[in-house]
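final36.txt (compact mmCIF, C-alpha atoms)
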# COMPACT_ATOMS: atom_id res chain seq x y z
CA MET H 11 81.80 74.79 58.05
CA THR H 12 84.19 72.31 59.57
CA ASP H 13 85.10 72.58 63.24
CA LEU H 14 87.94 74.98 63.93
CA SER H 15 90.12 74.80 67.03
CA ILE H 16 92.78 77.35 67.99
CA VAL H 17 95.08 77.39 71.01
CA LEU H 18 96.17 80.83 72.22
CA ALA H 19 99.26 80.99 74.46
CA GLY H 20 100.31 84.03 76.45
CA GLY H 21 99.86 85.82 79.70
CA GLY H 22 101.43 87.40 82.70
CA THR H 23 101.07 91.05 81.70
CA ALA H 24 98.50 93.20 79.94
CA GLY H 25 100.91 93.41 77.02
CA HIS H 26 100.36 89.72 76.34
CA VAL H 27 96.79 89.27 77.57
CA ASN H 28 95.08 92.20 75.83
CA PRO H 29 96.13 91.29 72.26
CA LEU H 30 95.29 87.65 72.97
CA LEU H 31 91.76 88.58 74.03
CA ALA H 32 91.38 90.98 71.09
CA LEU H 33 92.31 88.20 68.67
CA ALA H 34 89.91 85.84 70.42
CA ASP H 35 87.07 88.34 69.93
CA GLU H 36 87.93 88.77 66.26
CA LEU H 37 88.13 85.01 65.64
CA ARG H 38 84.74 84.51 67.30
CA ARG H 39 83.30 87.29 65.17
CA ILE H 40 84.59 85.73 61.95
CA ARG H 41 83.98 82.12 62.95
CA PRO H 42 81.29 81.81 65.65
CA ASP H 43 81.91 78.05 65.66
CA VAL H 44 85.58 78.36 66.63
CA ARG H 45 86.82 76.51 69.69
CA LEU H 46 89.36 78.59 71.60
CA THR H 47 91.65 77.27 74.32
CA VAL H 48 93.94 79.62 76.22
CA LEU H 49 97.19 78.58 77.86
CA GLY H 50 98.19 80.85 80.74
CA THR H 51 99.55 80.98 84.25
CA ALA H 52 97.72 80.98 87.56
CA GLU H 53 99.49 84.18 88.64
CA GLY H 54 99.04 86.51 85.67
CA LEU H 55 96.19 88.76 84.63
CA GLU H 56 94.87 85.99 82.42
CA ALA H 57 93.74 84.03 85.49
CA ASP H 58 90.93 86.58 85.89
CA LEU H 59 90.51 88.09 82.43
CA VAL H 60 90.34 84.91 80.36
CA PRO H 61 87.46 83.24 82.24
CA ALA H 62 85.70 86.63 82.40
CA ALA H 63 85.82 86.69 78.60
CA GLY H 64 84.10 83.30 78.46
CA LEU H 65 87.21 81.42 77.38
CA ASP H 66 88.65 78.15 78.67
CA LEU H 67 91.97 78.59 80.51
CA THR H 68 94.47 75.77 80.83
CA VAL H 69 97.01 76.65 83.51
CA ILE H 70 100.66 76.14 82.63
CA GLU H 71 103.27 76.27 85.37
CA LYS H 72 105.40 79.41 85.16
CA VAL H 73 108.93 78.13 84.60
CA PRO H 74 111.51 80.93 84.37
CA LEU H 75 115.06 79.87 83.57
CA PRO H 76 117.16 80.36 86.73
CA ARG H 77 119.76 83.07 86.20
CA ARG H 78 122.27 81.63 88.69
CA PRO H 79 122.88 78.27 90.41
CA SER H 80 120.30 77.58 93.10
CA ALA H 81 117.78 74.95 94.16
CA ASP H 82 115.55 76.19 91.32
CA TRP H 83 118.29 75.21 88.88
CA PHE H 84 117.91 71.54 89.83
CA ARG H 85 114.11 71.69 89.80
CA PHE H 86 113.97 73.37 86.42
CA PRO H 87 114.20 70.30 84.11
CA GLY H 88 111.28 68.52 85.76
CA ARG H 89 109.13 71.64 85.89
CA TRP H 90 109.94 72.38 82.27
CA ARG H 91 108.93 68.90 81.11
CA ARG H 92 105.63 69.23 83.00
CA ALA H 93 104.89 72.55 81.34
CA VAL H 94 105.54 71.12 77.86
CA ARG H 95 103.40 68.05 78.66
CA THR H 96 100.52 70.24 79.86
CA ALA H 97 100.69 72.32 76.69
CA GLY H 98 100.83 69.18 74.58
CA ARG H 99 97.76 67.69 76.25
CA ALA H 100 95.81 70.91 75.67
CA ILE H 101 96.78 70.88 71.99
CA GLU H 102 95.78 67.23 71.62
CA ASP H 103 92.56 67.42 73.68
CA SER H 104 91.34 70.42 71.68
CA ALA H 105 92.46 68.92 68.34
CA ALA H 106 94.12 72.26 67.65
CA ASP H 107 94.45 73.37 64.05
CA ALA H 108 96.92 76.11 64.99
CA VAL H 109 98.74 77.50 68.03
CA VAL H 110 99.12 81.27 68.41
CA GLY H 111 101.75 82.55 70.83
CA PHE H 112 102.10 86.05 72.22
CA GLY H 113 105.36 85.57 74.09
CA GLY H 114 106.14 85.12 77.75
CA TYR H 115 106.68 82.06 79.92
CA VAL H 116 103.67 80.15 78.59
CA SER H 117 104.45 80.49 74.91
CA THR H 118 107.74 78.59 74.84
CA PRO H 119 106.26 75.27 76.08
CA ALA H 120 103.36 75.79 73.65
CA TYR H 121 105.72 76.33 70.71
CA ILE H 122 107.72 73.22 71.53
CA ALA H 123 104.62 71.06 72.06
CA ALA H 124 103.06 72.31 68.80
CA ARG H 125 106.22 71.71 66.81
CA ARG H 126 106.46 68.12 68.07
CA ARG H 127 102.88 67.52 66.92
CA HIS H 128 103.33 69.32 63.58
CA VAL H 129 100.66 71.86 64.48
CA PRO H 130 101.14 75.19 62.65
CA ILE H 131 102.45 78.02 64.81
CA VAL H 132 101.68 81.71 64.49
CA VAL H 133 103.77 84.14 66.55
CA HIS H 134 102.68 87.66 67.47
CA GLU H 135 105.38 89.93 68.89
CA GLN H 136 104.16 93.08 70.58
CA ASN H 137 107.44 94.92 71.08
CA ALA H 138 109.91 96.32 68.59
CA ARG H 139 112.62 94.23 70.27
CA PRO H 140 111.39 90.64 70.57
CA GLY H 141 111.60 88.51 73.67
CA LEU H 142 113.32 85.15 73.98
CA ALA H 143 110.14 83.07 73.67
CA ASN H 144 109.11 84.60 70.36
CA ARG H 145 112.65 84.47 68.99
CA LEU H 146 112.49 80.73 69.59
CA GLY H 147 108.94 80.33 68.25
CA ALA H 148 109.65 82.30 65.09
CA ARG H 149 112.20 79.70 63.96
CA SER H 150 109.49 77.15 63.26
CA ALA H 151 106.43 79.37 62.82
CA ARG H 152 104.25 79.31 59.73
CA SER H 153 103.63 83.05 60.18
CA VAL H 154 105.37 85.70 62.25
CA ALA H 155 103.32 88.82 62.95
CA VAL H 156 104.83 91.95 64.48
CA THR H 157 103.45 95.22 65.77
CA PHE H 158 106.22 97.55 64.62
CA PRO H 159 108.28 97.69 61.42
CA GLY H 160 111.88 96.62 61.75
CA THR H 161 111.27 94.02 64.47
CA PRO H 162 114.14 91.54 63.96
CA LEU H 163 112.32 88.22 63.50
CA PRO H 164 112.59 85.99 60.44
CA GLY H 165 109.71 86.37 57.99
CA ALA H 166 108.09 89.13 60.05
CA GLN H 167 104.90 90.68 58.69
CA VAL H 168 103.68 93.97 60.17
CA VAL H 169 100.07 93.54 61.30
CA GLY H 170 100.00 96.00 64.19
CA MET H 171 98.53 95.41 67.60
CA PRO H 172 95.15 93.69 67.98
CA LEU H 173 93.21 96.46 69.69
CA ARG H 174 90.90 95.91 72.62
CA PRO H 175 87.19 95.98 71.70
CA ALA H 176 86.68 99.15 73.76
CA ILE H 177 89.37 100.91 71.72
CA SER H 178 87.97 99.62 68.43
CA ALA H 179 84.56 100.95 69.42
CA LEU H 180 86.11 104.30 70.33
CA LEU H 181 87.74 104.44 66.89
CA ASP H 182 84.33 104.12 65.28
CA GLU H 183 82.81 106.76 67.57
CA ARG H 184 85.62 109.25 66.92
CA PHE H 185 85.28 108.70 63.18
CA THR H 186 81.56 109.44 63.16
CA ASP H 187 81.45 112.20 65.82
CA ALA H 188 84.83 113.22 67.20
CA ARG H 189 83.63 116.33 69.06
CA GLY H 190 80.60 114.62 70.54
CA THR H 191 82.70 111.65 71.63
CA ALA H 192 85.23 113.93 73.32
CA ARG H 193 82.49 115.86 75.09
CA ARG H 194 80.79 112.72 76.36
CA GLY H 195 84.10 111.32 77.62
CA ALA H 196 84.95 114.54 79.45
CA GLU H 197 81.52 114.82 81.05
CA ALA H 198 81.60 111.20 82.20
CA LEU H 199 84.88 111.91 84.01
CA GLY H 200 83.80 115.23 85.50
CA LEU H 201 86.11 117.22 83.21
CA ASP H 202 85.51 120.51 81.42
CA PRO H 203 84.79 119.78 77.72
CA GLY H 204 86.05 123.24 76.79
CA ARG H 205 89.59 122.79 78.13
CA THR H 206 92.56 121.06 76.54
CA THR H 207 92.81 117.71 78.30
CA VAL H 208 96.17 116.23 79.31
CA VAL H 209 96.03 112.61 80.44
CA LEU H 210 98.94 111.34 82.50
CA THR H 211 99.31 107.61 83.10
CA GLY H 212 102.06 105.28 84.15
CA GLY H 213 99.89 102.21 83.79
CA SER H 214 98.21 100.26 86.57
CA LEU H 215 101.38 100.34 88.69
CA GLY H 216 102.08 104.00 88.00
CA ALA H 217 105.39 105.73 87.34
CA VAL H 218 106.98 107.64 90.22
CA ARG H 219 108.98 109.98 87.96
CA LEU H 220 105.90 111.02 86.00
CA ASN H 221 103.83 111.42 89.14
CA ALA H 222 106.38 113.65 90.84
CA ALA H 223 107.24 115.89 87.88
CA VAL H 224 103.91 116.73 86.30
CA VAL H 225 102.05 117.87 89.41
CA GLN H 226 104.79 120.46 89.96
CA VAL H 227 103.82 122.23 86.72
CA ALA H 228 100.08 122.10 87.37
CA ALA H 229 99.76 125.89 87.64
CA ASP H 230 101.58 126.36 84.32
CA LEU H 231 99.39 123.81 82.54
CA VAL H 232 96.16 125.30 83.88
CA ALA H 233 97.31 128.81 82.95
CA ALA H 234 97.90 127.51 79.41
CA GLY H 235 94.25 126.46 79.21
CA ALA H 236 94.66 122.79 80.11
CA GLN H 237 93.18 120.42 82.64
CA VAL H 238 94.96 117.28 83.82
CA LEU H 239 93.60 113.81 84.45
CA HIS H 240 96.41 112.23 86.48
CA LEU H 241 96.21 108.45 86.88
CA THR H 242 98.81 107.70 89.53
CA GLY H 243 98.73 103.91 89.67
CA ARG H 244 97.43 101.85 92.53
CA GLY H 245 98.67 102.95 95.94
CA LYS H 246 100.58 105.94 94.54
CA ASP H 247 97.94 108.65 94.74
CA SER H 248 98.57 110.11 98.21
CA PRO H 249 101.69 112.21 97.42
CA VAL H 250 100.04 113.53 94.25
CA ARG H 251 96.82 114.42 96.05
CA GLU H 252 98.77 116.22 98.77
CA ALA H 253 100.69 118.24 96.17
CA ARG H 254 97.46 119.00 94.31
CA ASP H 255 95.64 120.08 97.46
CA ALA H 256 98.46 122.54 98.24
CA LEU H 257 97.80 124.38 94.97
CA ALA H 258 95.64 127.45 94.61
CA PRO H 259 91.97 126.39 94.44
CA VAL H 260 91.56 127.66 90.87
CA VAL H 261 94.44 125.39 89.81
CA ALA H 262 93.48 122.38 91.92
CA ALA H 263 89.97 122.46 90.44
CA HIS H 264 91.42 121.55 87.05
CA TYR H 265 93.86 118.91 88.30
CA HIS H 266 92.01 115.61 88.67
CA VAL H 267 93.70 112.71 90.46
CA ARG H 268 92.71 109.05 90.34
CA GLU H 269 94.60 105.87 91.15
CA TYR H 270 93.32 103.95 88.16
CA LEU H 271 90.63 104.16 85.53
CA PRO H 272 89.14 100.84 84.35
CA GLU H 273 87.29 102.65 81.56
CA MET H 274 90.45 104.05 79.99
CA GLU H 275 88.54 104.57 76.74
CA LEU H 276 86.73 107.50 78.41
CA ALA H 277 90.04 109.25 79.04
CA LEU H 278 91.24 108.57 75.51
CA ALA H 279 87.94 109.84 74.10
CA CYS H 280 88.70 113.35 75.37
CA ALA H 281 92.51 113.36 75.54
CA ASP H 282 94.29 116.07 73.54
CA LEU H 283 97.72 114.97 74.81
CA VAL H 284 98.87 111.90 76.73
CA ILE H 285 102.01 111.64 78.86
CA ALA H 286 102.86 107.97 79.34
CA ARG H 287 105.34 105.13 79.18
CA SER H 288 105.79 103.66 75.72
CA GLY H 289 104.63 100.11 76.13
CA ALA H 290 103.57 98.50 72.86
CA GLY H 291 99.86 98.62 73.71
CA THR H 292 99.96 102.29 74.71
CA VAL H 293 101.84 103.37 71.59
CA SER H 294 99.60 101.30 69.31
CA GLU H 295 96.34 102.56 70.82
CA LEU H 296 97.36 106.22 70.81
CA ALA H 297 98.61 106.07 67.22
CA ALA H 298 95.49 104.27 66.03
CA LEU H 299 93.33 106.92 67.72
CA GLY H 300 95.48 109.79 66.45
CA ILE H 301 96.35 111.12 69.91
CA PRO H 302 99.71 112.92 70.30
CA ALA H 303 101.84 111.88 73.22
CA VAL H 304 104.91 112.54 75.29
CA TYR H 305 106.54 109.13 75.59
CA VAL H 306 108.78 108.42 78.57
CA PRO H 307 110.31 104.95 78.05
CA LEU H 308 110.73 102.72 81.06
CA PRO H 309 114.39 103.12 82.06
CA VAL H 310 114.89 99.41 82.73
CA GLY H 311 114.66 96.35 80.48
CA ASN H 312 116.22 95.89 77.07
CA GLY H 313 115.26 99.26 75.63
CA GLU H 314 112.20 98.04 73.74
CA GLN H 315 109.99 100.90 74.93
CA ARG H 316 112.18 103.50 73.20
CA LEU H 317 112.04 101.45 70.00
CA ASN H 318 108.27 101.06 70.30
CA ALA H 319 107.77 104.82 70.22
CA THR H 320 110.32 105.56 67.49
CA PRO H 321 108.04 105.19 64.42
CA VAL H 322 105.34 107.56 65.72
CA VAL H 323 107.92 110.04 67.03
CA ASN H 324 109.73 109.99 63.68
CA ALA H 325 106.40 110.70 61.99
CA GLY H 326 105.92 113.77 64.19
CA GLY H 327 103.09 112.29 66.25
CA GLY H 328 104.88 112.27 69.57
CA VAL H 329 107.80 113.47 71.66
CA LEU H 330 110.33 111.14 73.25
CA VAL H 331 112.08 112.02 76.51
CA ASP H 332 114.30 109.94 78.77
CA ASP H 333 112.96 109.19 82.22
CA ALA H 334 115.83 111.06 83.89
CA GLU H 335 115.16 114.16 81.77
CA LEU H 336 111.46 114.42 82.62
CA THR H 337 111.75 117.30 85.06
CA PRO H 338 109.47 120.26 85.81
CA ALA H 339 111.91 122.45 83.87
CA TRP H 340 111.68 120.19 80.80
CA LEU H 341 107.88 120.16 81.01
CA ARG H 342 107.73 123.95 81.18
CA VAL H 343 109.87 124.27 78.05
CA HIS H 344 108.37 121.49 75.95
CA VAL H 345 104.87 120.60 77.17
CA VAL H 346 103.33 123.82 78.49
CA PRO H 347 103.68 125.63 75.12
CA LEU H 348 102.38 122.52 73.36
CA VAL H 349 99.13 122.33 75.31
CA ALA H 350 98.50 126.00 74.56
CA ASP H 351 98.74 125.35 70.80
CA ARG H 352 95.65 123.43 69.69
CA ASP H 353 96.65 123.62 66.02
CA ARG H 354 99.98 121.97 66.75
CA LEU H 355 98.30 119.26 68.82
CA ALA H 356 95.86 118.56 65.99
CA ALA H 357 98.70 118.32 63.48
CA MET H 358 100.58 115.91 65.73
CA GLY H 359 97.45 113.80 66.07
CA THR H 360 97.16 113.56 62.29
CA ARG H 361 100.80 112.48 62.03
CA ALA H 362 100.34 109.89 64.78
CA ALA H 363 97.34 108.46 62.94
CA SER H 364 99.39 108.20 59.75
CA VAL H 365 101.45 105.38 61.29
CA GLY H 366 98.67 103.89 63.41
CA ILE H 367 97.21 100.51 62.50
CA ARG H 368 93.53 100.16 63.29
CA ASP H 369 92.80 96.63 62.04
CA GLY H 370 95.54 94.63 63.75
CA ALA H 371 93.12 92.00 65.07
CA GLY H 372 91.73 91.40 61.59
CA ARG H 373 95.16 91.16 60.02
CA LEU H 374 96.35 88.69 62.65
CA ALA H 375 93.15 86.65 62.38
CA GLU H 376 93.75 86.24 58.63
CA LEU H 377 97.18 84.74 59.30
CA VAL H 378 95.78 82.43 61.97
CA LEU H 379 92.94 81.17 59.78
CA ALA H 380 95.35 80.59 56.90
CA ALA H 381 97.66 78.59 59.17
CA ALA H 382 94.74 76.65 60.63
CA GLY H 383 93.55 75.78 57.13
CA ALA H 384 96.98 74.45 56.34
CA GLY H 385 96.95 72.42 59.53
CA ALA H 386 93.43 71.02 59.33
CA GLY H 387 93.12 67.36 58.67
CA ARG H 388 96.58 66.43 59.95
Can the structure from this file be put into structure tokens for me?
Amino acid sequence: MTDLSIVLAGGGTAGHVNPLLALADELRRIRPDVRLTVLGTAEGLEADLVPAAGLDLTVIEKVPLPRRPSADWFRFPGRWRRAVRTAGRAIEDSAADAVVGFGGYVSTPAYIAARRRHVPIVVHEQNARPGLANRLGARSARSVAVTFPGTPLPGAQVVGMPLRPAISALLDERFTDARGTARRGAEALGLDPGRTTVVLTGGSLGAVRLNAAVVQVAADLVAAGAQVLHLTGRGKDSPVREARDALAPVVAAHYHVREYLPEMELALACADLVIARSGAGTVSELAALGIPAVYVPLPVGNGEQRLNATPVVNAGGGVLVDDAELTPAWLRVHVVPLVADRDRLAAMGTRAASVGIRDGAGRLAELVLAAAGAGAGR
């Protein structure tokens, strides 16, 4: 085999970093000789996660475009040129055969530097509504990969989301022994394997609306045969714990509160229903695993979270509710009867799985290797 070198650009949030790392794992599995270089910022999650994964990180200055006249406006051109130069040096020093961008501040300098050096570009867009960086990168990309159908980028091919290795492993475990996997996950978390498990998560930062509403219907959920694993987000657990501790002991015993769960695969192993935001990674993982969900899109941004959840909701694998409408009254009408109906939950899980993509990393890796082959020997 000839040497293969790929530059991966992305970072800032888990939405960019997780698919980048999943692709890196898949490329190393297919081509153990591959040289991978990651472009990221010093402030994002990649600063910790990329080196922990055994990958080289080249730090690119985070250069957001100033929204209004300020001192940053005058510093922007110089900072921008430095970012593009840094990306260009990384591409040259690694003799990159292809550059793969996942969006965000780092990807735009990488796309420009790659285009100037005639290095093939592959774009992966996580959200149904693409960001500015990937709209720019797609114009000159050899391949444009998207997570959801209908994403408005030229030449888009639906490959799904590259899933984290822990989720891919869970897929295999659920396929071979779904009941045993669920039991082991519940026992590892101190949950009752015999109860319907509702997992509530607003991500690492939590979601105040979700936290406040769901604990108020704890008695109803427990009476319907459920238990709740409530992941509040860092620093947001105290009000939830206080509300839980005020409940009757028989209810509180089945309402489990944690700030955060690093081993999220344990929760997903035993989840019968998830209540969550509809970030691209969350929607993709739940659909791939066949887990029904109540999706509560983030009420800020450009509306991409609602679009992310639309395909699985249209398939009958989830329920969509606006943030402002997620009230205890809504939960009593729509969620409490659902958790009491195991047959309906199972049917929703099957419908969710029907639109889930389980081999996103492999599909994206194929596009990257094809682009790299076209770029080798420049």
Compile the contact shell of Asp58 in chain H as a ChimeraX atom specification: residues with an atom at most 12 Å away, counting only C-alpha atoms, same-chain residues fewer than 6 positions apart removed.
/H:21-24,27,50-52,64-67,69
Separation of CA of Leu46 in chain H and CA of Ile16 in chain H, in Å?
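Pair CA of Leu46 in chain H / CA of Ile16 in chain H returns 5.1 Å.
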Tell me, in Å to one decimal, how far CA of Ala124 in chain H is from CA of Glu56 in chain H.
21.0 Å
Give me, as a list in words, all polymer residues having an atom no more than 7 Å from Ala32 in chain H, counting only C-alpha atoms and skipping those fewer than 4 positions away in the same chain.
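Near Ala32 in chain H, the qualifying residues are Asn28, Glu36, Pro172, Leu173, Arg174, Pro175 and Ala371 of chain H.
One distance worth recording is that between CA of Ala334 in chain H and CA of Leu296 in chain H, which is 23.1 Å.
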Contact table range 288-315 of chain H vs range 344-361 of chain H, cut-off 10 Å, shortest pair per residue, only C-alpha atoms, as a Markdown table:
| residue | atom | partner | partner_atom | distance |
| --- | --- | --- | --- | --- |
| H:Leu296 | CA | H:Gly359 | CA | 8.9 |
| H:Ala297 | CA | H:Gly359 | CA | 7.9 |
| H:Ala298 | CA | H:Gly359 | CA | 9.7 |
| H:Leu299 | CA | H:Gly359 | CA | 8.2 |
| H:Gly300 | CA | H:Gly359 | CA | 4.5 |
| H:Ile301 | CA | H:Gly359 | CA | 4.8 |
| H:Pro302 | CA | H:Gly359 | CA | 4.9 |
| H:Ala303 | CA | H:Met358 | CA | 8.6 |
| H:Val304 | CA | H:Val345 | CA | 8.3 |
Tell me, as a VMD selection string, which residues lie within 7 Å of range 108-118 of chain H, counting all atoms listed in the file; anything in the same chain fewer than 2 positions away does not count.
chain H and resid 16 to 21 26 49 to 50 70 72 to 74 106 120 to 122 124 129 to 135 141 143 to 144 147 381 to 382 385
Identify which of the residues H:Asp202, H:Asp282, H:Asp369, H:Asp230 lies closest to Val261 in chain H, counting all atoms listed in the file when measuring atom-to-atom distances.
H:Asp230
Mind checking which residues fall within 12 Å of Thr337 in chain H, counting only C-alpha atoms, ignoring those fewer than 5 positions away in the same chain, and posting them as a ChimeraX atom specification?
/H:218-227,306,331-332,342-345
Written selection (C-alpha atoms) as a PDB file, in the coordinates of the input:
ATOM      1  CA  VAL H 218     106.980 107.640  90.220  1.00  0.00           C
ATOM      2  CA  ARG H 219     108.980 109.980  87.960  1.00  0.00           C
ATOM      3  CA  LEU H 220     105.900 111.020  86.000  1.00  0.00           C
ATOM      4  CA  ASN H 221     103.830 111.420  89.140  1.00  0.00           C
ATOM      5  CA  ALA H 222     106.380 113.650  90.840  1.00  0.00           C
ATOM      6  CA  ALA H 223     107.240 115.890  87.880  1.00  0.00           C
ATOM      7  CA  VAL H 224     103.910 116.730  86.300  1.00  0.00           C
ATOM      8  CA  VAL H 225     102.050 117.870  89.410  1.00  0.00           C
ATOM      9  CA  GLN H 226     104.790 120.460  89.960  1.00  0.00           C
ATOM     10  CA  VAL H 227     103.820 122.230  86.720  1.00  0.00           C
ATOM     11  CA  VAL H 306     108.780 108.420  78.570  1.00  0.00           C
ATOM     12  CA  VAL H 331     112.080 112.020  76.510  1.00  0.00           C
ATOM     13  CA  ASP H 332     114.300 109.940  78.770  1.00  0.00           C
ATOM     14  CA  ARG H 342     107.730 123.950  81.180  1.00  0.00           C
ATOM     15  CA  VAL H 343     109.870 124.270  78.050  1.00  0.00           C
ATOM     16  CA  HIS H 344     108.370 121.490  75.950  1.00  0.00           C
ATOM     17  CA  VAL H 345     104.870 120.600  77.170  1.00  0.00           C
TER      18      VAL H 345
END
Show me as a VMD selection string the residues that reach within 10 Å of (87.3, 112.0, 74.5), counting only C-alpha atoms and using the file's own coordinates.
chain H and resid 180 183 to 184 188 to 199 203 207 275 to 282
Among the residues H:Leu239, H:Ala176, H:Ala138, H:Val209, the one that comes closest to Gly313 in chain H [using only C-alpha atoms]:
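So, comparing all the options, the nearest one is H:Ala138.
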Could you tell me which of H:Pro321, H:Pro272, H:Gly245, H:Pro119 comes closest to Val94 in chain H if we count only C-alpha atoms?
H:Pro119
Have a look at H:Ala63, H:Val378, H:Ile101, H:Ala319 and name the one nearest to Thr292 in chain H; count only C-alpha atoms.
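For Thr292 in chain H, the nearest of the candidates is H:Ala319.
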Between H:Thr157, H:Val238, H:Ser294, H:Arg368, which is the closest to Phe185 in chain H once you count all atoms listed in the file?
H:Arg368
